[in-house]
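A.B. asks: The structure file final.txt (compact mmCIF, C-alpha atoms and all ligand atoms) is provided below.
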# COMPACT_ATOMS: atom_id res chain seq x y z
CA MET A 1 -57.86 66.28 -178.95
CA ALA A 2 -57.02 65.60 -182.62
CA GLN A 3 -58.78 68.80 -183.66
CA SER A 4 -56.76 70.87 -181.17
CA THR A 5 -53.51 69.25 -182.28
CA LYS A 6 -54.31 70.22 -185.87
CA PHE A 7 -55.04 73.80 -184.75
CA TRP A 8 -51.65 74.16 -183.02
CA ASP A 9 -49.82 72.43 -185.89
CA ARG A 10 -51.40 74.87 -188.32
CA ILE A 11 -50.43 78.01 -186.41
CA ALA A 12 -46.99 76.87 -185.16
CA ALA A 13 -44.89 78.83 -187.67
CA LYS A 14 -46.90 82.00 -187.05
CA TYR A 15 -46.79 81.46 -183.28
CA ALA A 16 -42.99 81.28 -183.46
CA GLN A 17 -42.89 84.74 -185.05
CA GLN A 18 -45.09 86.43 -182.44
CA PRO A 19 -43.30 88.87 -180.14
CA ILE A 20 -43.73 88.53 -176.37
CA ALA A 21 -46.86 90.54 -175.53
CA ASP A 22 -45.48 92.02 -172.27
CA GLU A 23 -41.69 91.71 -172.09
CA ALA A 24 -41.35 93.16 -168.57
CA ALA A 25 -43.92 90.73 -167.16
CA TYR A 26 -42.28 87.82 -169.02
CA GLN A 27 -38.86 88.68 -167.59
CA LYS A 28 -40.32 88.94 -164.09
CA LYS A 29 -41.90 85.49 -164.42
CA LEU A 30 -38.62 84.03 -165.70
CA GLN A 31 -36.81 85.49 -162.69
CA ILE A 32 -39.35 84.29 -160.13
CA THR A 33 -39.06 80.81 -161.65
CA ARG A 34 -35.25 80.89 -161.64
CA ASP A 35 -35.18 81.81 -157.98
CA TYR A 36 -36.39 78.23 -157.38
CA PHE A 37 -33.99 76.55 -159.80
CA ARG A 38 -30.84 74.69 -158.71
CA PRO A 39 -28.20 73.22 -161.06
CA ASP A 40 -29.13 69.62 -160.21
CA MET A 41 -32.85 69.96 -160.95
CA THR A 42 -34.88 67.82 -163.34
CA VAL A 43 -37.69 69.81 -164.95
CA LEU A 44 -40.68 68.94 -167.15
CA GLU A 45 -42.39 71.54 -169.33
CA ILE A 46 -45.88 70.67 -170.58
CA GLY A 47 -47.20 72.40 -173.70
CA CYS A 48 -43.79 73.93 -174.44
CA GLY A 49 -44.83 75.35 -177.82
CA THR A 50 -41.82 76.51 -179.83
CA GLY A 51 -39.51 76.02 -176.86
CA SER A 52 -38.42 79.60 -176.12
CA THR A 53 -38.93 79.45 -172.37
CA ALA A 54 -37.31 76.04 -171.93
CA LEU A 55 -34.24 77.21 -173.85
CA LEU A 56 -33.96 80.35 -171.69
CA HIS A 57 -34.18 78.29 -168.48
CA ALA A 58 -31.79 75.56 -169.68
CA PRO A 59 -28.58 77.07 -168.20
CA TYR A 60 -30.09 77.06 -164.68
CA VAL A 61 -31.00 73.37 -164.29
CA GLN A 62 -29.62 69.95 -165.11
CA HIS A 63 -32.24 68.82 -167.61
CA ILE A 64 -35.57 69.94 -169.06
CA ARG A 65 -37.90 67.49 -170.80
CA ALA A 66 -40.25 69.66 -172.82
CA ILE A 67 -43.35 68.11 -174.38
CA ASP A 68 -46.03 69.35 -176.73
CA PHE A 69 -48.62 67.39 -178.69
CA SER A 70 -48.03 69.50 -181.81
CA ALA A 71 -45.34 68.00 -184.06
CA ASN A 72 -44.84 71.35 -185.79
CA MET A 73 -44.26 73.18 -182.49
CA ILE A 74 -41.72 70.53 -181.47
CA ALA A 75 -39.92 70.70 -184.84
CA ILE A 76 -39.44 74.47 -184.42
CA ALA A 77 -38.32 74.05 -180.80
CA GLN A 78 -35.83 71.35 -181.78
CA ALA A 79 -34.39 73.51 -184.55
CA LYS A 80 -33.92 76.38 -182.09
CA ALA A 81 -32.15 74.08 -179.61
CA THR A 82 -29.81 72.82 -182.33
CA ALA A 83 -29.07 76.35 -183.55
CA ALA A 84 -28.34 77.51 -180.00
CA ASN A 85 -26.32 74.36 -179.22
CA VAL A 86 -28.44 73.62 -176.16
CA THR A 87 -27.98 69.99 -175.15
CA ASN A 88 -29.82 69.69 -171.81
CA VAL A 89 -33.34 70.20 -173.18
CA THR A 90 -35.15 67.24 -174.74
CA PHE A 91 -38.10 68.24 -176.92
CA GLU A 92 -40.66 65.51 -177.50
CA GLN A 93 -43.99 65.27 -179.23
CA ALA A 94 -46.33 63.94 -176.55
CA SER A 95 -49.61 64.83 -174.95
CA LEU A 96 -49.74 65.42 -171.23
CA GLU A 97 -52.54 62.88 -170.98
CA ASP A 98 -50.31 60.09 -172.40
CA LEU A 99 -47.17 61.01 -170.47
CA GLN A 100 -45.77 58.15 -168.37
CA LEU A 101 -43.24 59.14 -165.72
CA PRO A 102 -42.44 57.73 -162.27
CA ALA A 103 -44.15 59.40 -159.32
CA ALA A 104 -42.08 61.90 -157.31
CA SER A 105 -39.41 62.10 -160.02
CA LEU A 106 -39.43 65.82 -160.88
CA ASP A 107 -38.17 68.94 -159.11
CA ALA A 108 -40.26 71.38 -161.13
CA VAL A 109 -42.97 71.41 -163.79
CA LEU A 110 -43.69 74.37 -166.07
CA GLY A 111 -47.14 74.79 -167.62
CA LEU A 112 -47.26 78.14 -169.39
CA SER A 113 -50.48 79.08 -171.15
CA ILE A 114 -51.81 75.55 -171.14
CA LEU A 115 -54.13 74.79 -168.20
CA HIS A 116 -57.06 76.62 -169.87
CA LEU A 117 -56.49 74.51 -173.00
CA LEU A 118 -56.94 71.14 -171.31
CA GLU A 119 -60.12 69.11 -171.19
CA HIS A 120 -59.59 68.21 -167.54
CA ARG A 121 -57.55 70.79 -165.68
CA GLU A 122 -58.07 69.13 -162.28
CA ALA A 123 -56.76 65.80 -163.58
CA ALA A 124 -53.70 67.52 -165.05
CA ILE A 125 -52.94 69.34 -161.80
CA ALA A 126 -53.32 66.09 -159.84
CA GLN A 127 -51.04 64.34 -162.35
CA VAL A 128 -48.36 67.02 -161.91
CA TYR A 129 -48.71 66.78 -158.11
CA THR A 130 -47.99 63.05 -158.32
CA LEU A 131 -44.96 63.56 -160.58
CA LEU A 132 -43.35 66.19 -158.34
CA LYS A 133 -41.00 65.34 -155.51
CA PRO A 134 -42.06 66.68 -152.10
CA GLY A 135 -41.09 70.36 -152.13
CA GLY A 136 -41.31 70.48 -155.94
CA ILE A 137 -42.94 73.39 -157.73
CA PHE A 138 -45.53 73.76 -160.48
CA VAL A 139 -45.09 77.07 -162.33
CA THR A 140 -48.09 78.08 -164.41
CA ASN A 141 -49.49 80.97 -166.38
CA THR A 142 -53.18 80.62 -167.16
CA ALA A 143 -55.83 82.65 -168.97
CA CYS A 144 -58.72 82.87 -166.50
CA LEU A 145 -61.35 84.00 -168.99
CA GLY A 146 -64.19 83.51 -166.52
CA ASP A 147 -63.09 86.60 -164.55
CA SER A 148 -64.21 89.19 -167.08
CA MET A 149 -64.80 87.37 -170.38
CA ALA A 150 -67.30 84.70 -169.37
CA TRP A 151 -69.16 85.45 -172.64
CA PHE A 152 -66.20 83.83 -174.43
CA LYS A 153 -67.58 80.45 -173.37
CA GLY A 154 -70.48 81.01 -175.76
CA ILE A 155 -68.29 81.41 -178.82
CA VAL A 156 -65.93 78.50 -178.17
CA PRO A 157 -68.15 75.83 -179.82
CA LEU A 158 -68.59 77.94 -182.98
CA GLY A 159 -64.89 78.88 -183.06
CA ARG A 160 -64.00 75.22 -182.73
CA ALA A 161 -66.47 74.16 -185.40
CA LEU A 162 -64.91 76.69 -187.80
CA GLY A 163 -61.40 75.54 -186.90
CA LEU A 164 -60.57 79.01 -185.56
CA LEU A 165 -60.13 77.99 -181.93
CA PRO A 166 -58.54 75.07 -180.11
CA LEU A 167 -60.17 73.54 -177.06
CA VAL A 168 -60.51 76.42 -174.54
CA ARG A 169 -61.98 76.17 -171.06
CA VAL A 170 -63.47 79.24 -169.38
CA PHE A 171 -62.99 79.49 -165.60
CA THR A 172 -62.19 82.12 -162.97
CA THR A 173 -58.98 82.76 -161.04
CA GLN A 174 -60.72 81.51 -157.91
CA ALA A 175 -61.62 78.24 -159.64
CA LEU A 176 -57.99 77.85 -160.72
CA VAL A 177 -56.71 78.52 -157.19
CA ASP A 178 -59.24 76.02 -155.81
CA SER A 179 -57.96 73.38 -158.27
CA PHE A 180 -54.42 73.80 -156.96
CA THR A 181 -55.34 73.73 -153.29
CA GLN A 182 -57.74 70.78 -153.71
CA ALA A 183 -54.89 68.82 -155.31
CA GLY A 184 -52.73 69.48 -152.22
CA PHE A 185 -50.57 72.36 -153.44
CA THR A 186 -49.80 75.48 -151.44
CA LEU A 187 -49.55 78.70 -153.45
CA GLU A 188 -46.25 80.57 -153.15
CA HIS A 189 -46.90 83.23 -155.81
CA GLN A 190 -50.04 84.47 -157.48
CA TRP A 191 -49.60 87.42 -159.81
CA GLN A 192 -51.65 88.93 -162.61
CA PRO A 193 -49.73 91.69 -164.43
CA GLY A 194 -52.95 93.43 -165.52
CA LYS A 195 -56.63 93.00 -166.37
CA ASN A 196 -57.24 90.21 -168.88
CA LYS A 197 -53.63 89.04 -168.55
CA GLY A 198 -52.69 85.50 -167.61
CA VAL A 199 -52.53 84.56 -163.94
CA PHE A 200 -49.02 83.47 -162.93
CA VAL A 201 -48.91 80.94 -160.11
CA VAL A 202 -46.09 79.12 -158.37
CA ALA A 203 -47.63 76.20 -156.51
CA LYS A 204 -45.59 74.01 -154.18
CA LYS A 205 -46.04 70.37 -153.21
CA PRO A 206 -45.53 70.32 -149.45
CA GLY A 207 -42.55 68.38 -148.20
C1 LIG B 301 -50.74 78.79 -175.97
S1 LIG B 301 -49.52 77.63 -176.46
C2 LIG B 301 -48.28 77.96 -175.23
C3 LIG B 301 -46.90 77.56 -175.66
C4 LIG B 301 -45.80 77.93 -174.68
N1 LIG B 301 -45.97 77.25 -173.40
C5 LIG B 301 -45.77 79.43 -174.46
O1 LIG B 301 -45.98 79.88 -173.34
O2 LIG B 301 -45.53 80.13 -175.46
C6 LIG B 301 -50.20 76.11 -175.91
C7 LIG B 301 -49.38 74.91 -176.31
O3 LIG B 301 -49.86 73.77 -175.60
C8 LIG B 301 -49.90 72.66 -176.48
N2 LIG B 301 -50.90 71.74 -175.93
C9 LIG B 301 -52.22 71.97 -175.74
N3 LIG B 301 -52.82 70.92 -175.17
C10 LIG B 301 -51.85 69.98 -174.97
C11 LIG B 301 -51.84 68.68 -174.40
N4 LIG B 301 -52.96 68.12 -173.94
N5 LIG B 301 -50.65 68.00 -174.33
C12 LIG B 301 -49.52 68.56 -174.82
N6 LIG B 301 -49.47 69.80 -175.38
C13 LIG B 301 -50.62 70.50 -175.44
C14 LIG B 301 -50.23 73.25 -177.83
O4 LIG B 301 -49.81 72.43 -178.89
C15 LIG B 301 -49.47 74.58 -177.78
O5 LIG B 301 -48.18 74.47 -178.34
Using structure tokens, write down the structure that the file contains.
Ligand SMILES: C[S@@+](CC[C@H](N)C(=O)[O-])C[C@H]1O[C@@H](n2cnc3c(N)ncnc32)[C@H](O)[C@@H]1O

C.D. replies:
Amino acid sequence: MAQSTKFWDRIAAKYAQQPIADEAAYQKKLQITRDYFRPDMTVLEIGCGTGSTALLHAPYVQHIRAIDFSANMIAIAQAKATAANVTNVTFEQASLEDLQLPAASLDAVLGLSILHLLEHREAAIAQVYTLLKPGGIFVTNTACLGDSMAWFKGIVPLGRALGLLPLVRVFTTQALVDSFTQAGFTLEHQWQPGKNKGVFVVAKKPG
């Protein structure tokens, strides 16, 4: 994990400058997510990066705790929150794996462009399931490289050895869907804006 943390720390400033790749798709995902939000909701974002999405969602919920294991990502996110005078988002340097929260304490969890970066996606999905209240939602956007870029798996070890890639897992959309359903979630939305784009999923904990 230390190697991946270093990777994200190193690219944080550059990441913050990158424009949204597909603005229309991004806006649609924000709107689908907001349709679930209520003003009294407590939300966790895992792998929040430089905090842009958490800050955009902040007016629609009571509180967002946004974590990322990269200190540089969190520093940028915190500076943006201060500049925008947003007070209901708490940015915190923490890894998902070390996060300690009471079971059934969250209304929603956001995991945007992170599930394919985790060592154990199934464990993370099960962890989120436990943290959500019955009826809570897990909103994710995931690169499913196994669909049409399975060859990518072959270059990950070299890319990692050269420090050019973080930890990346290669799996298909079907494998991702299976991970959600095996954890107990029901899928409310599944949308891929185009070939080789991330798969957007809203998964609900029954209740
Ligand atoms: C591709 S970026 C996505 C950032 C943001 N969610 C977005 O959509 O722009 C992935 C982020 O996840 C963070 N990350 C990766 N693995 C993590 C883990 N195990 N715990 C916490 N953060 C993690 C990285 O530091 C990075 O900021």

A.B. asks: Could the residues that lie within 6 Å of ligand LIG 301 (chain B), counting only C-alpha atoms and all ligand atoms, be listed as a PDB file with C-alpha atoms, keeping the file's coordinate frame?

C.D. replies:
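Output (selection25.pdb):
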ATOM      1  CA  THR A   5     -53.510  69.250-182.280  1.00  0.00           C
ATOM      2  CA  TRP A   8     -51.650  74.160-183.020  1.00  0.00           C
ATOM      3  CA  ILE A  46     -45.880  70.670-170.580  1.00  0.00           C
ATOM      4  CA  GLY A  47     -47.200  72.400-173.700  1.00  0.00           C
ATOM      5  CA  CYS A  48     -43.790  73.930-174.440  1.00  0.00           C
ATOM      6  CA  GLY A  49     -44.830  75.350-177.820  1.00  0.00           C
ATOM      7  CA  ASP A  68     -46.030  69.350-176.730  1.00  0.00           C
ATOM      8  CA  PHE A  69     -48.620  67.390-178.690  1.00  0.00           C
ATOM      9  CA  SER A  70     -48.030  69.500-181.810  1.00  0.00           C
ATOM     10  CA  MET A  73     -44.260  73.180-182.490  1.00  0.00           C
ATOM     11  CA  ALA A  94     -46.330  63.940-176.550  1.00  0.00           C
ATOM     12  CA  SER A  95     -49.610  64.830-174.950  1.00  0.00           C
ATOM     13  CA  LEU A  96     -49.740  65.420-171.230  1.00  0.00           C
ATOM     14  CA  LEU A 112     -47.260  78.140-169.390  1.00  0.00           C
ATOM     15  CA  SER A 113     -50.480  79.080-171.150  1.00  0.00           C
ATOM     16  CA  ILE A 114     -51.810  75.550-171.140  1.00  0.00           C
ATOM     17  CA  LEU A 117     -56.490  74.510-173.000  1.00  0.00           C
ATOM     18  CA  LEU A 118     -56.940  71.140-171.310  1.00  0.00           C
TER      19      LEU A 118
END

A.B. asks: Quick one: residues within 9 Å of range 164-175 of chain A, only C-alpha atoms counted, chain neighbours fewer than 2 positions away excluded, as an MDAnalysis selection string?

C.D. replies: chainID A and resid 1 3:8 115:119 121 142:150 152:153 156:162 177:180 199

A.B. asks: Would you pick out the contacts of range 11-24 of chain A at 10 Å or less, using only C-alpha atoms, so that residues sharing its chain but fewer than 2 positions from it are not included, and give the list as a list of chain:residue names?

C.D. replies: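 My reading of the contact set: A:Lys6, A:Phe7, A:Trp8, A:Asp9, A:Tyr26, A:Gln27, A:Lys28, A:Lys29, A:Leu30, A:Gly49, A:Thr50, A:Gly51, A:Ser52, A:Ser70, A:Ala71, A:Asn72, A:Met73, A:Ile74, A:Ala75, A:Ile76, A:Ala77, A:Pro193, A:Lys197.
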
A.B. asks: Looking at A:Ala54, A:Ala2, A:Ile32, A:Ala108, which one is nearest to Val86 in chain A, with distances taken over only C-alpha atoms?

C.D. replies: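 With only C-alpha atoms as the atom set, the closest residue is A:Ala54.
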
A.B. asks: Go through A:Pro102, A:Pro134, A:Gly163, A:Gly111 one by one, measure the shortest atom-to-atom distance of each to Glu45 in chain A using all atoms listed in the file, and give the residue with the smallest value.

C.D. replies: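 Closest to Glu45 in chain A, using all atoms listed in the file: A:Gly111.
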